[in-house]
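Input: a single structure, listed below in structure tokens.
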Amino acid sequence: MKNSVLDLLHDHYKESFAYIREREKGRNRLFLLVILLAGALFLQIQYPLNFKAAIGDLKLPNASLSLESLPLSSLLSLTWTFLFVLTLQYCQHSVHVERQYRYLHLLEDKISDWLGDGDIYRREGRVYLEDYPAFSNWTWIFYTFLFPILMLVSVIALFVLEFSKLDYSIYYKIYDSFLGTGVLVSLFLYKFAPLFQRKKDNTGG
């Protein structure tokens, strides 16, 4: 009976770990795309004509969209749209990966208890976190805090630049503001809202 339970837990652990790795790959791709789109927005706002001249066509599964033929204001709004959608997906992937790791650690605890050894089955949990290398701490700080803060500051800066430098229709600016606000809210709810909630829970507020 014990061996059957261990086999079941071990198989479930391996499947969960493989699933997390796939989700991490998707999250990392989205991370790069979000950075690229933020850079594209900056170029479009600072150098709109140069940016438009440098782009070509957007290839879709059953069609091709000539980006160069779009008005500058429409092209900028399209980029804001992509940034919002991809930021939303990035935050979803990140939250899901973090929740799945907590579940993976729970499985490690359960399997270690069944094995009768508290340290034998801790690859992704206790053992991984022990003697954490300085570079790993740096990357954790960057992904966890610096990147969301940089994105928040960048989006606000892009707002200011767009409203101060470009004479596009107010309707485009309202639309862009709505999407940019969506980016800010998504990043805040993903990374900072849980910190305030934990602080509130710890203080009993």
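Here's how to read the names in the structure tokens: chain A, B, ... by the order shown, residue numbers from 1 in each chain, ligand numbers from 1 in the order shown.
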- Residues within 12 Å of Lys14 (chain A), only C-alpha atoms, excluding chain neighbours under 5 positions, as number ranges by chain: A: 7-9, 19-21, 104, 107-108, 123-124
Residues of region 163-196 of chain A that have any atom at most 12 Å from an atom of region 43-51 of chain A: could you tabulate them with the shortest-distance atom pair and the distance in Å to one decimal, using only C-alpha atoms, ordered by chain and increasing number, as a Markdown table?
| residue | atom | partner | partner_atom | distance |
| --- | --- | --- | --- | --- |
| A:Phe163 | CA | A:Ile45 | CA | 9.6 |
| A:Ser164 | CA | A:Ile45 | CA | 10.0 |
| A:Lys165 | CA | A:Ile45 | CA | 7.5 |
| A:Leu166 | CA | A:Ile45 | CA | 7.2 |
| A:Asp167 | CA | A:Ile45 | CA | 10.7 |
| A:Tyr168 | CA | A:Ile45 | CA | 10.8 |
| A:Lys173 | CA | A:Ile45 | CA | 12.0 |
- Item | Gap from CA of Leu88 (chain A) to CA of Val183 (chain A) - Å, one decimal |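 For CA of Leu88 (chain A) relative to CA of Val183 (chain A), the distance reads 7.2 Å.
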- With distances taken over only C-alpha atoms, which of A:Ile156, A:Tyr190, A:Asp176, A:Phe135 is nearest to Leu75 (chain A)? A:Asp176
- Task: Considering only C-alpha atoms, return as a list in words whatever protein or nucleic-acid residues lie within 9 Å of Thr81 (chain A), sequence-local ones (same chain, fewer than 5 positions apart) excluded.
- Result: Leu76, Leu86, Asp176, Leu179 and Gly180 of chain A
- Query: Which of these, A:Ser73, A:Ala38, A:Leu83, A:Leu106, has the shortest distance to Val153 (chain A) once you count only C-alpha atoms?
  - Reply: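 Closest to Val153 (chain A), using only C-alpha atoms: A:Ala38.
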- Can you work out the spacing between CA of Pro148 (chain A) and CA of Lys191 (chain A) in Å, to one decimal?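 Atom-to-atom, CA of Pro148 (chain A) and CA of Lys191 (chain A) are spaced 7.2 Å apart.
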Mind checking which residues fall within 9 Å of Leu30 (chain A), counting only C-alpha atoms, ignoring those fewer than 4 positions away in the same chain, and posting them as a PDB file with N, CA and C atoms, in the first residue's frame?
ATOM      1  N   LYS A  25       8.621  28.374 -19.475  1.00  0.00           N
ATOM      2  CA  LYS A  25       9.101  28.746 -20.806  1.00  0.00           C
ATOM      3  C   LYS A  25       8.182  29.800 -21.436  1.00  0.00           C
ATOM      4  N   GLY A  26       6.870  29.577 -21.303  1.00  0.00           N
ATOM      5  CA  GLY A  26       5.925  30.549 -21.825  1.00  0.00           C
ATOM      6  C   GLY A  26       6.045  31.887 -21.125  1.00  0.00           C
ATOM      7  N   VAL A  34       7.283  41.570 -23.610  1.00  0.00           N
ATOM      8  CA  VAL A  34       6.844  42.773 -22.904  1.00  0.00           C
ATOM      9  C   VAL A  34       7.941  43.835 -22.940  1.00  0.00           C
ATOM     10  N   ILE A  35       9.180  43.423 -22.721  1.00  0.00           N
ATOM     11  CA  ILE A  35      10.301  44.370 -22.779  1.00  0.00           C
ATOM     12  C   ILE A  35      10.447  44.949 -24.177  1.00  0.00           C
ATOM     13  N   LEU A  86      -0.173  41.162 -23.625  1.00  0.00           N
ATOM     14  CA  LEU A  86       0.974  40.333 -23.251  1.00  0.00           C
ATOM     15  C   LEU A  86       1.344  40.519 -21.782  1.00  0.00           C
ATOM     16  N   THR A  87       1.184  41.722 -21.251  1.00  0.00           N
ATOM     17  CA  THR A  87       1.430  41.936 -19.820  1.00  0.00           C
ATOM     18  C   THR A  87       0.429  41.136 -18.992  1.00  0.00           C
ATOM     19  N   GLN A  89      -1.054  38.376 -19.898  1.00  0.00           N
ATOM     20  CA  GLN A  89      -0.674  36.965 -19.986  1.00  0.00           C
ATOM     21  C   GLN A  89       0.571  36.666 -19.158  1.00  0.00           C
ATOM     22  N   TYR A  90       1.536  37.596 -19.175  1.00  0.00           N
ATOM     23  CA  TYR A  90       2.754  37.407 -18.381  1.00  0.00           C
ATOM     24  C   TYR A  90       2.420  37.293 -16.895  1.00  0.00           C
ATOM     25  N   HIS A  93       0.705  33.930 -16.219  1.00  0.00           N
ATOM     26  CA  HIS A  93       1.682  32.832 -16.207  1.00  0.00           C
ATOM     27  C   HIS A  93       2.515  32.868 -14.926  1.00  0.00           C
TER      28      HIS A  93
END
- Item | Top pick for closest residue to Tyr175 (chain A), considering A:Ile111, A:Val160, A:Ala193, A:Leu78 and counting only C-alpha atoms |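 With only C-alpha atoms as the atom set, the closest residue is A:Leu78.
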- Message: I'd like the interatomic distance between CA of Phe192 (chain A) and CA of Phe31 (chain A), to a tenth of an Å.
- Response: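 Calculated distance between CA of Phe192 (chain A) and CA of Phe31 (chain A) is 17.7 Å.
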